[in-house]
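A.B. asks: final-v9.txt is the file, holding compact mmCIF, C-alpha atoms:
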# COMPACT_ATOMS: atom_id res chain seq x y z
CA MET A 1 0.00 0.00 0.00
CA MET A 2 2.80 2.40 0.87
CA MET A 3 4.65 1.57 -2.39
CA LYS A 4 1.50 2.56 -4.28
CA THR A 5 1.50 5.91 -2.49
CA VAL A 6 5.20 6.50 -3.20
CA THR A 7 4.82 5.69 -6.91
CA ALA A 8 1.77 7.91 -7.38
CA PHE A 9 3.29 10.78 -5.43
CA GLY A 10 6.60 10.59 -7.29
CA ALA A 11 4.80 10.73 -10.65
CA MET A 12 2.89 13.83 -9.57
CA ILE A 13 6.13 15.57 -8.54
CA LEU A 14 7.64 14.89 -11.96
CA VAL A 15 4.65 16.50 -13.66
CA ALA A 16 4.87 19.51 -11.33
CA LEU A 17 8.58 19.93 -12.02
CA GLY A 18 7.89 19.97 -15.73
CA THR A 19 5.23 22.67 -15.50
CA ALA A 20 6.56 24.94 -12.75
CA GLY A 21 7.26 28.55 -13.73
CA ALA A 22 10.17 30.81 -12.79
CA ALA A 23 8.21 32.33 -9.92
CA GLN A 24 7.93 28.90 -8.36
CA ALA A 25 11.67 28.25 -8.16
CA GLN A 26 11.69 27.73 -4.39
CA GLN A 27 8.77 25.34 -4.48
CA GLN A 28 10.40 23.56 -7.39
CA ASP A 29 13.58 23.05 -5.36
CA VAL A 30 11.59 21.51 -2.47
CA LEU A 31 9.75 19.20 -4.85
CA LEU A 32 13.01 18.12 -6.43
CA GLN A 33 14.48 17.26 -3.03
CA LEU A 34 11.36 15.28 -2.11
CA GLN A 35 11.54 13.42 -5.43
CA GLN A 36 15.15 12.44 -4.75
CA LYS A 37 14.28 11.32 -1.21
CA PHE A 38 11.52 9.06 -2.48
CA GLU A 39 13.85 7.57 -5.08
CA GLN A 40 16.44 6.82 -2.39
CA GLY A 41 13.81 5.53 0.05
CA LYS A 42 15.93 5.96 3.18
CA TYR A 43 13.42 5.34 5.96
CA SER A 44 14.36 5.63 9.63
CA LYS A 45 14.95 2.43 11.58
CA LYS A 46 13.53 4.06 14.73
CA GLY A 47 10.24 5.12 13.19
CA ALA A 48 8.09 7.38 15.36
CA ASP A 49 10.61 7.19 18.20
CA GLY A 50 13.14 9.02 16.06
CA CYS A 51 10.61 11.67 15.03
CA MET A 52 9.40 12.31 18.58
CA MET A 53 12.93 13.01 19.80
CA CYS A 54 12.55 16.44 18.19
CA HIS A 55 8.81 16.80 17.65
CA ARG A 56 7.56 15.78 21.08
CA LYS A 57 7.55 19.45 22.07
CA THR A 58 5.71 20.56 18.92
CA GLU A 59 2.15 21.43 19.86
CA GLY A 60 -0.38 18.82 18.80
CA VAL A 61 2.05 16.36 17.24
CA ASP A 62 1.83 13.69 19.97
CA ALA A 63 -1.99 13.81 19.77
CA ILE A 64 -1.68 11.50 16.76
CA PHE A 65 -1.34 8.62 19.22
CA ASP A 66 -4.79 9.38 20.67
CA GLY A 67 -6.52 8.71 17.35
CA VAL A 68 -6.94 5.82 14.96
CA HIS A 69 -3.98 6.85 12.79
CA GLY A 70 -1.65 6.51 15.76
CA ASP A 71 -2.88 3.09 16.89
CA PRO A 72 -0.08 0.54 16.30
CA ASN A 73 -2.55 -2.34 16.69
CA THR A 74 -4.52 -1.32 13.60
CA VAL A 75 -3.05 -3.47 10.83
CA ALA A 76 -4.08 -1.11 8.04
CA GLY A 77 -2.98 2.00 9.96
CA PRO A 78 0.27 3.89 9.35
CA MET A 79 1.66 3.14 12.84
CA ALA A 80 1.67 -0.57 12.06
CA GLY A 81 3.96 0.07 9.08
CA LEU A 82 6.25 2.99 8.36
CA GLN A 83 4.68 5.02 11.17
CA CYS A 84 5.15 8.81 10.76
CA GLU A 85 6.99 8.27 7.48
CA ALA A 86 3.96 6.52 6.01
CA CYS A 87 2.44 9.97 5.54
CA HIS A 88 5.39 12.36 5.72
CA GLY A 89 7.76 10.39 3.51
CA PRO A 90 11.25 8.92 4.14
CA GLN A 91 13.30 10.71 6.76
CA GLY A 92 16.60 10.61 4.87
CA LYS A 93 18.78 13.42 6.23
CA HIS A 94 15.87 15.38 7.67
CA ARG A 95 17.46 15.75 11.13
CA GLY A 96 18.32 19.36 11.71
CA LYS A 97 15.98 20.28 8.81
CA ASN A 98 18.66 19.38 6.27
CA GLU A 99 15.98 17.91 4.05
CA PRO A 100 12.26 18.70 3.75
CA MET A 101 9.48 16.27 4.63
CA LEU A 102 5.97 16.00 3.22
CA THR A 103 3.78 18.56 4.95
CA PHE A 104 0.08 19.20 4.72
CA GLY A 105 -2.19 22.21 4.92
CA LYS A 106 -2.31 25.65 3.34
CA ASP A 107 1.40 26.33 4.00
CA SER A 108 2.55 23.15 2.29
CA PRO A 109 4.61 23.51 -0.91
CA LEU A 110 2.61 20.58 -2.28
CA THR A 111 -0.49 21.05 -4.37
CA ALA A 112 -3.82 19.80 -3.05
CA ASP A 113 -3.64 16.92 -5.54
CA MET A 114 -0.23 15.88 -4.24
CA GLN A 115 -1.34 16.01 -0.61
CA ASN A 116 -4.46 14.01 -1.40
CA SER A 117 -2.50 11.31 -3.21
CA VAL A 118 -0.85 10.42 0.12
CA CYS A 119 -4.22 10.00 1.84
CA LEU A 120 -5.68 8.05 -1.08
CA GLY A 121 -2.81 5.58 -0.84
CA CYS A 122 -4.78 4.01 2.04
CA HIS A 123 -8.23 5.52 1.70
CA ASP A 124 -8.86 4.22 -1.81
CA ASP A 125 -12.16 2.41 -1.33
CA SER A 126 -15.75 2.33 -2.61
CA GLN A 127 -16.78 5.33 -0.50
CA ARG A 128 -14.22 7.50 -2.32
CA MET A 129 -14.37 5.91 -5.78
CA ASP A 130 -15.88 9.09 -7.30
CA TRP A 131 -13.47 11.49 -5.60
CA HIS A 132 -11.47 12.30 -8.75
CA GLY A 133 -14.60 13.53 -10.52
CA SER A 134 -15.98 15.50 -7.58
CA ALA A 135 -16.44 19.26 -7.26
CA HIS A 136 -13.99 19.31 -4.35
CA VAL A 137 -11.20 18.07 -6.61
CA SER A 138 -11.94 20.65 -9.31
CA GLU A 139 -11.85 23.33 -6.60
CA GLU A 140 -8.48 21.96 -5.37
CA VAL A 141 -9.73 21.07 -1.92
CA ALA A 142 -7.23 19.06 0.11
CA CYS A 143 -8.22 16.31 2.53
CA THR A 144 -6.64 18.30 5.35
CA ASP A 145 -8.89 21.28 4.58
CA CYS A 146 -11.69 19.25 6.18
CA HIS A 147 -10.00 16.49 8.17
CA GLN A 148 -7.63 16.55 11.16
CA LEU A 149 -5.31 13.63 11.96
CA HIS A 150 -3.26 14.73 14.96
CA ILE A 151 -6.27 14.58 17.25
CA ALA A 152 -8.19 11.98 19.26
CA LYS A 153 -11.27 12.20 17.05
CA ASP A 154 -11.61 14.08 13.79
CA PRO A 155 -14.27 16.81 14.42
CA VAL A 156 -15.70 16.40 10.92
CA LEU A 157 -16.88 12.91 11.87
CA SER A 158 -19.42 14.38 14.30
CA ARG A 159 -22.59 16.14 13.17
CA SER A 160 -21.78 19.51 14.68
CA GLY A 161 -18.17 19.40 13.52
CA GLN A 162 -19.15 18.33 10.03
CA ASN A 163 -21.77 21.05 9.59
CA ASP A 164 -19.37 23.73 10.83
CA THR A 165 -16.67 22.51 8.47
CA CYS A 166 -18.91 22.42 5.39
CA GLN A 167 -20.43 25.81 6.13
CA GLN A 168 -17.02 27.47 6.21
CA CYS A 169 -17.10 27.30 2.41
CA HIS A 170 -20.81 26.82 1.69
CA THR A 171 -21.89 30.11 3.23
CA LYS A 172 -25.12 30.46 1.23
CA VAL A 173 -26.27 27.06 2.45
CA LYS A 174 -25.45 28.16 5.99
CA ALA A 175 -27.62 31.25 5.54
CA ASP A 176 -30.48 29.21 4.05
CA SER A 177 -30.34 26.74 6.95
CA HIS A 178 -31.23 29.58 9.34
CA LYS A 179 -34.37 30.62 7.45
CA ARG A 180 -37.76 30.12 9.09
CA SER A 181 -38.41 26.83 7.26
CA ALA A 182 -35.41 24.53 6.96
CA HIS A 183 -34.03 21.12 7.78
CA PRO A 184 -32.74 20.97 11.39
CA ILE A 185 -29.10 21.43 10.44
CA LYS A 186 -28.65 24.48 12.65
CA TRP A 187 -29.54 22.30 15.66
CA ASP A 188 -27.20 19.53 14.42
CA GLU A 189 -30.08 17.08 14.19
CA MET A 190 -28.98 16.49 10.60
CA SER A 191 -25.60 16.63 8.91
CA CYS A 192 -24.67 17.53 5.35
CA SER A 193 -23.60 13.94 4.63
CA ASP A 194 -27.14 12.71 5.32
CA CYS A 195 -27.88 13.89 1.78
CA HIS A 196 -24.48 14.53 0.17
CA ASN A 197 -21.29 12.54 -0.27
CA PRO A 198 -18.43 15.02 0.18
CA HIS A 199 -16.08 12.58 -1.54
CA GLY A 200 -18.18 12.67 -4.72
CA SER A 201 -20.87 10.59 -6.35
CA MET A 202 -22.32 9.95 -9.79
CA ALA A 203 -25.46 11.88 -8.88
CA GLU A 204 -26.12 15.60 -9.25
CA SER A 205 -24.71 17.76 -6.42
CA ALA A 206 -22.90 14.71 -5.01
CA LEU A 207 -26.15 13.29 -3.61
CA ASN A 208 -26.00 9.94 -1.82
CA GLU A 209 -28.74 8.43 -3.98
CA PRO A 210 -28.85 8.33 -7.81
CA MET A 211 -31.79 10.77 -7.98
CA LEU A 212 -32.81 13.74 -5.85
CA ASN A 213 -36.17 12.20 -5.01
CA ASP A 214 -34.52 8.96 -3.88
CA THR A 215 -32.42 10.99 -1.44
CA CYS A 216 -35.50 12.77 -0.06
CA TYR A 217 -37.41 9.49 0.26
CA GLN A 218 -34.82 8.19 2.73
CA CYS A 219 -36.61 10.33 5.33
CA HIS A 220 -39.86 11.30 3.60
CA ALA A 221 -40.97 7.76 2.74
CA ASP A 222 -44.66 8.75 2.85
CA LYS A 223 -44.12 10.85 -0.27
CA ARG A 224 -42.68 7.95 -2.24
CA GLY A 225 -45.92 6.36 -3.38
CA PRO A 226 -46.92 4.66 -5.58
CA PHE A 227 -50.14 6.67 -5.78
CA LEU A 228 -53.32 6.04 -7.71
CA TRP A 229 -53.25 9.72 -8.66
CA GLU A 230 -49.72 11.09 -9.09
CA HIS A 231 -48.78 14.76 -9.17
CA ALA A 232 -46.36 14.96 -12.12
CA PRO A 233 -43.93 17.64 -10.85
CA VAL A 234 -43.75 15.91 -7.45
CA MET A 235 -42.80 12.57 -8.98
CA GLU A 236 -40.32 14.28 -11.32
CA ASN A 237 -38.28 16.31 -8.83
CA CYS A 238 -38.90 17.49 -5.27
CA ALA A 239 -36.83 20.60 -6.05
CA ASN A 240 -39.54 21.78 -8.45
CA CYS A 241 -41.37 23.11 -5.41
CA HIS A 242 -38.98 22.87 -2.45
CA ASP A 243 -35.62 24.40 -1.56
CA ALA A 244 -33.95 21.71 0.52
CA HIS A 245 -31.52 24.07 2.26
CA GLY A 246 -34.19 26.40 3.59
CA SER A 247 -36.84 28.93 2.63
CA VAL A 248 -38.78 31.87 4.05
CA ASN A 249 -41.97 30.08 2.99
CA GLU A 250 -43.81 27.30 4.82
CA GLY A 251 -42.69 23.76 4.02
CA MET A 252 -39.46 25.03 2.40
CA LEU A 253 -41.48 26.03 -0.67
CA LYS A 254 -39.64 28.12 -3.23
CA THR A 255 -42.59 30.51 -3.62
CA ARG A 256 -45.75 31.15 -1.60
CA VAL A 257 -48.93 29.34 -2.50
CA PRO A 258 -50.89 30.06 -4.71
CA MET A 259 -48.18 31.71 -6.84
CA LEU A 260 -46.13 28.52 -6.75
CA CYS A 261 -49.07 26.49 -8.05
CA LYS A 262 -49.89 29.05 -10.74
CA GLN A 263 -46.48 28.65 -12.32
CA CYS A 264 -48.00 25.53 -13.86
CA HIS A 265 -51.76 25.94 -13.35
CA ALA A 266 -53.39 28.82 -15.23
CA GLU A 267 -56.31 30.41 -13.35
CA SER A 268 -58.58 30.64 -16.41
CA ASN A 269 -60.04 27.15 -15.99
CA HIS A 270 -60.44 27.28 -12.22
CA PRO A 271 -63.99 27.88 -10.89
CA SER A 272 -62.87 29.83 -7.83
CA THR A 273 -62.40 33.56 -7.43
CA VAL A 274 -59.42 35.42 -8.80
CA PRO A 275 -56.65 35.92 -6.21
CA GLY A 276 -56.67 39.36 -4.66
CA GLY A 277 -59.02 39.89 -1.73
CA ASN A 278 -58.92 38.18 1.64
CA GLY A 279 -62.11 36.37 0.73
CA SER A 280 -60.46 34.43 -2.05
CA ILE A 281 -60.23 30.72 -1.29
CA GLN A 282 -56.93 30.71 -3.15
CA THR A 283 -55.15 33.27 -1.00
CA ALA A 284 -56.76 32.83 2.42
CA GLY A 285 -55.03 30.42 4.80
CA GLN A 286 -53.22 27.77 2.77
CA GLY A 287 -54.56 29.01 -0.56
CA CYS A 288 -54.83 26.17 -3.08
CA LEU A 289 -53.94 23.73 -0.31
CA ASN A 290 -57.22 24.54 1.46
CA CYS A 291 -58.85 22.09 -0.93
CA HIS A 292 -55.97 20.25 -2.61
CA SER A 293 -54.50 18.90 0.61
CA GLN A 294 -53.03 15.68 -0.84
CA ILE A 295 -50.76 17.52 -3.22
CA HIS A 296 -48.00 14.87 -3.16
CA GLY A 297 -50.41 12.23 -4.46
CA SER A 298 -53.68 10.53 -3.62
CA ASN A 299 -54.94 6.95 -3.36
CA HIS A 300 -58.61 7.96 -2.96
CA PRO A 301 -60.87 6.74 -5.80
CA SER A 302 -62.09 10.33 -6.22
CA GLY A 303 -58.72 11.93 -5.59
CA GLN A 304 -57.92 12.99 -9.13
CA ALA A 305 -57.77 16.64 -7.98
CA PHE A 306 -55.70 15.67 -4.87
CA GLN A 307 -58.52 16.75 -2.55
CA PHE A 308 -58.86 13.44 -0.71
Any chance you could give the structure as structure tokens?
C.D. replies:
Amino acid sequence: MMMKTVTAFGAMILVALGTAGAAQAQQQDVLLQLQQKFEQGKYSKKGADGCMMCHRKTEGVDAIFDGVHGDPNTVAGPMAGLQCEACHGPQGKHRGKNEPMLTFGKDSPLTADMQNSVCLGCHDDSQRMDWHGSAHVSEEVACTDCHQLHIAKDPVLSRSGQNDTCQQCHTKVKADSHKRSAHPIKWDEMSCSDCHNPHGSMAESALNEPMLNDTCYQCHADKRGPFLWEHAPVMENCANCHDAHGSVNEGMLKTRVPMLCKQCHAESNHPSTVPGGNGSIQTAGQGCLNCHSQIHGSNHPSGQAFQF
């Protein structure tokens, strides 16, 4: 597994060296040194013990041993193999900072793709099979932008930590989640990954299920049907009427009833009064929903108009 990581990472460095500009001379020098270190493959015989001789006083470094990545009893974990060097590369002549090591985060000389290749050396499974085609990759998001390793438990694995992490970038979604009608994300009763796969999927907007409706049906099973009388836009796409991240209208509707309904239903053939006054059955209370209460579908023999 580690050899796979080394090979992939080395290939990425070669590409970067071939495309680096004059302004990136310093970064190019670091990448060249890292490439040479990987070719030599001089790993420390002391493993983490050798690293901690200097780094034990570095804030947060020893916290790696409190989490799953620092557990030596986990066969697939880095501490059962090359230990610190499984992620940070061969030590070589690093003592005294003579040679650079692989570093992660915004200050790293490595691109997000390079950093991620190290993580994917182990985390290359079915849950991340669509990562390379995801929006996060195209936006050059690194694994460490969301995840923390030198910690007992990665905050993003909890609901509150995950929502806070996602909303640091998805600010509009954060604003929508605080509107009067929204899913209970702001109370951490739901997390973003309940609907989306942050590592990518074949569905639109990285949804967990192939279709938007299938994702919604995981919780709203009563809207699935089948119905004797089906409402076409409902069966087509829940987003035709609802904004899943939040709305100022009741039921997360995109527009108030009856105006939402009238985007499809012209008023010319309706026997009721024209919207306007408070006496109109279309505008008072729930508007169209005063009569058409089974708008998601009906199984009543006389429910063609979704009234029963």
A.B. asks: From the options A:Arg224, A:Lys262, A:His55, A:Lys46, which residue's atoms come nearest to Cys241 in chain A, counting all atoms listed in the file?
C.D. replies: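 Among the listed residues, A:Lys262 lies closest to Cys241 in chain A.
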A.B. asks: Any idea what's packed within 6 Å of Pro90 in chain A, counting only C-alpha atoms, ignoring anything in its chain fewer than 5 positions away? Could you give it as a list in words?
C.D. replies: Gly41, Lys42, Tyr43 and Glu85 of chain A
A.B. asks: Which one of A:Val61, A:Ala266, A:Cys261, A:Cys122 sits closest to Val75 in chain A if you count only C-alpha atoms?
C.D. replies: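 Selected residue with least distance to Val75 in chain A: A:Cys122.
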A.B. asks: If you measure from CA of Gln127 in chain A to CA of Tyr217 in chain A, what distance in Å do you get, rounded to one decimal?
C.D. replies: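 Those two atoms sit 21.1 Å apart.
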A.B. asks: Please identify all polymer residues within 9 Å of range 100-108 of chain A, counting all atoms listed in the file, omitting same-chain residues fewer than 3 positions from it, and present them as a list in words.
C.D. replies: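 The residues satisfying every condition are Val30, Leu31, Gln33, Leu34, Glu85, Cys87, His88, Gly89, Pro90, Gln91, Lys93, His94, Lys97, Thr111, Ala112, Gln115, Ala142, Cys143, Thr144 and Asp145 of chain A.
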A.B. asks: With a distance cut-off of 12 Å and only C-alpha atoms, select the neighbouring residues of His292 in chain A, excluding the residue or stretch itself and same-chain residues fewer than 2 positions from it, and output the selection as a list in words.
C.D. replies: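 Near neighbours after the sequence-gap exclusion: His231, Val257, Pro258, Cys261, Ile281, Gln282, Gln286, Gly287, Cys288, Leu289, Asn290, Gln294, Ile295, His296, Gly297, Ser298, Gly303, Gln304, Ala305, Phe306, Gln307 and Phe308 of chain A.
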A.B. asks: So that I have them on file, write out the residues from the current selection with C-alpha atoms, as an mmCIF file, in the frame of the given file.
C.D. replies:
data_model
loop_
_atom_site.group_PDB
_atom_site.id
_atom_site.type_symbol
_atom_site.label_atom_id
_atom_site.label_comp_id
_atom_site.auth_asym_id
_atom_site.auth_seq_id
_atom_site.Cartn_x
_atom_site.Cartn_y
_atom_site.Cartn_z
ATOM 1 C CA HIS A 231 -48.780 14.760 -9.170
ATOM 2 C CA VAL A 257 -48.930 29.340 -2.500
ATOM 3 C CA PRO A 258 -50.890 30.060 -4.710
ATOM 4 C CA CYS A 261 -49.070 26.490 -8.050
ATOM 5 C CA ILE A 281 -60.230 30.720 -1.290
ATOM 6 C CA GLN A 282 -56.930 30.710 -3.150
ATOM 7 C CA GLN A 286 -53.220 27.770 2.770
ATOM 8 C CA GLY A 287 -54.560 29.010 -0.560
ATOM 9 C CA CYS A 288 -54.830 26.170 -3.080
ATOM 10 C CA LEU A 289 -53.940 23.730 -0.310
ATOM 11 C CA ASN A 290 -57.220 24.540 1.460
ATOM 12 C CA GLN A 294 -53.030 15.680 -0.840
ATOM 13 C CA ILE A 295 -50.760 17.520 -3.220
ATOM 14 C CA HIS A 296 -48.000 14.870 -3.160
ATOM 15 C CA GLY A 297 -50.410 12.230 -4.460
ATOM 16 C CA SER A 298 -53.680 10.530 -3.620
ATOM 17 C CA GLY A 303 -58.720 11.930 -5.590
ATOM 18 C CA GLN A 304 -57.920 12.990 -9.130
ATOM 19 C CA ALA A 305 -57.770 16.640 -7.980
ATOM 20 C CA PHE A 306 -55.700 15.670 -4.870
ATOM 21 C CA GLN A 307 -58.520 16.750 -2.550
ATOM 22 C CA PHE A 308 -58.860 13.440 -0.710
#
A.B. asks: Kindly give the distance, in Å, that separates CA of His136 in chain A and CA of Asn197 in chain A, rounded to a single decimal.
C.D. replies: 10.8 Å
A.B. asks: So how many Å separate CA of Gly133 in chain A and CA of Ala203 in chain A, to one decimal?
C.D. replies: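 Between these atoms lies a distance of 11.1 Å.
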A.B. asks: Nearest to Asn240 in chain A among A:Leu157, A:Asp125, A:Leu260, A:Lys179, with distances taken over all atoms listed in the file: which residue is it?
C.D. replies: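 Among A:Leu157, A:Asp125, A:Leu260, A:Lys179, it is A:Leu260 that comes nearest to Asn240 in chain A.
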A.B. asks: Using all atoms listed in the file, can you tell me which of A:Gly92, A:Ala244, A:Ile185, A:Asn208 comes closest to Gln40 in chain A?
C.D. replies: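 Ranked by minimum distance to Gln40 in chain A, first place goes to A:Gly92.
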